[in-house]
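This report refers to the structure that appears directly beneath it.
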Amino acid sequence: MSWFSRFLFGAPASAAAVQAVPIPPWSPQPELAALVYHDIYGPTGSDVVTRDTAMTVSPIKRARAVIVGRIADLPMEQGEMIGTDGEFVPDGEQPEWLTTGSPSAAQTAWHRMAWTLDDLMFTGWALWTVTRDDAGKITEAARVPRHRWTFSPTSPTGVSIDGQPVTDDQSVILLVGPDEGLLTSARDTIRGWRYMERAWVGRTRNPIPAMVLHETERDGVTQDEAKKYVAAWSAARTSENGAVGFLPATLTLEVHGEVEADLFDKGRNAARIDIANQTNLPVSYLDGSTATSSLTYVTQEGTRNQIVDDLEYWMAPIEACLSVLAVTGQESKVIRFNRSNLTAVPNDAHGATTRDTDTDPETENAA
């Protein structure tokens, strides 16, 4: 059994262990997808929690934008941890695959990392395929779309791509996220937001509470007439001209219930707090405002440093998975994000800022 399979399933791979392996959340086959959703995310049907439904939740979309937008732009570097303090010193010559992406898969380094973060954020797992030279060094790496691969206890490596077992553990890199993913840990919050959105839209279409047309005289209206009045008032509730209608003397209009104007605002704010906690981001990052608190870290240097601590939750697992011997080729080597652009003022237009270098006074004066 390979190290890759041992990492996934443990050793030995008993029947009980295989049954305990988490099944990934989506698959090209609808019947398998339904089984997976039912086992992991609860009942299937209109209540099913998928990435697509999660992305309709505004705070989640915003959280993804913050995480992906800030991290995917950072170049990765290979180097060594030097000294007792563990300072990272990048190598003078960097592996090309870290910054060139995958030309054969038409995948840039940015998109590879962006969608890797997406996979980790929603499902807790991501998979890359790699190409190696004759010496075993990686020359190219590409992210495998999440719907194309699944965990497979019968595969030598523990995973299958497009239904075919991956037999060579040197051909793939499995990246493990910091938790089980939003589709599992935040499924109730996602469902709650969807219910709230439906209720809010319904209340917008029908802002008046429940209405009853009450007959004041026995046999005052016929059954057919009553249906016409109900249909007319139902249409009036959503009319752009307002709920204006007519009632004969034999009918009265009764209004039941009250509308709490701030009900949905409270619910939405509570959901934002829950999602902020799920994604390890301050609530202010998810308020969607570009003029107030959500971007205070842009103008306050002390607060800017906070984002590095918050995003460590997402960066550290990726660095750990890429710093193993099977990836770097040397036990002393590690791979790290160049974080300089997270705190640089002002930010570079793209990627990390240039590291500080010794300046030649004569060259500086000449310039």
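Chain identifiers are assigned as A, B, and so on, following the order in which chains appear in the structure tokens; residues are numbered from 1 within each chain, and ligands are numbered from 1 in order of appearance.
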**Prompt:** Can you list every residue in range 37-234 of chain A that DSSP puts in strand (DSSP E), as JSON, numbers by chain?
**Reply:** {"A": [76, 77, 78, 79, 80, 81, 82, 87, 88, 89, 90, 125, 126, 127, 128, 129, 130, 131, 132, 138, 139, 140, 141, 142, 143, 149, 150, 151, 159, 160, 161, 164, 165, 172, 173, 174, 175, 176, 210, 211, 212, 213, 214, 215]}
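Nearest to Trp193 in chain A of all the residues A:Ala106, A:Met81, A:Met315, A:Ala54 is A:Ala54, counting only C-alpha atoms.
Using only C-alpha atoms, the shortest contact distance between Asp118 in chain A and any of A:Ser104, A:Ser160, A:Thr216, A:Thr279 is found at A:Thr279.
Nearest-residue note for Glu87 in chain A: choosing from A:Arg237, A:Lys266, A:Arg336, A:Arg191, the minimum distance belongs to A:Arg336, counting only C-alpha atoms.
Across A:Val68, A:Val166, A:Val57, A:Ala232, the tightest approach to Ala271 in chain A is made by A:Val57 when counting only C-alpha atoms.
Residue nearest Leu311 in chain A, chosen from A:Asn338, A:Gln78, A:Gln330, A:Asn280 and counting only C-alpha atoms: A:Asn280.
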**Request:** Name all residues at most 8 Å from range 133-140 of chain A (count only C-alpha atoms; drop same-chain ones fewer than 4 positions away) and give them as a ChimeraX atom specification.
**Result:** /A:95-97,101-103,327-329
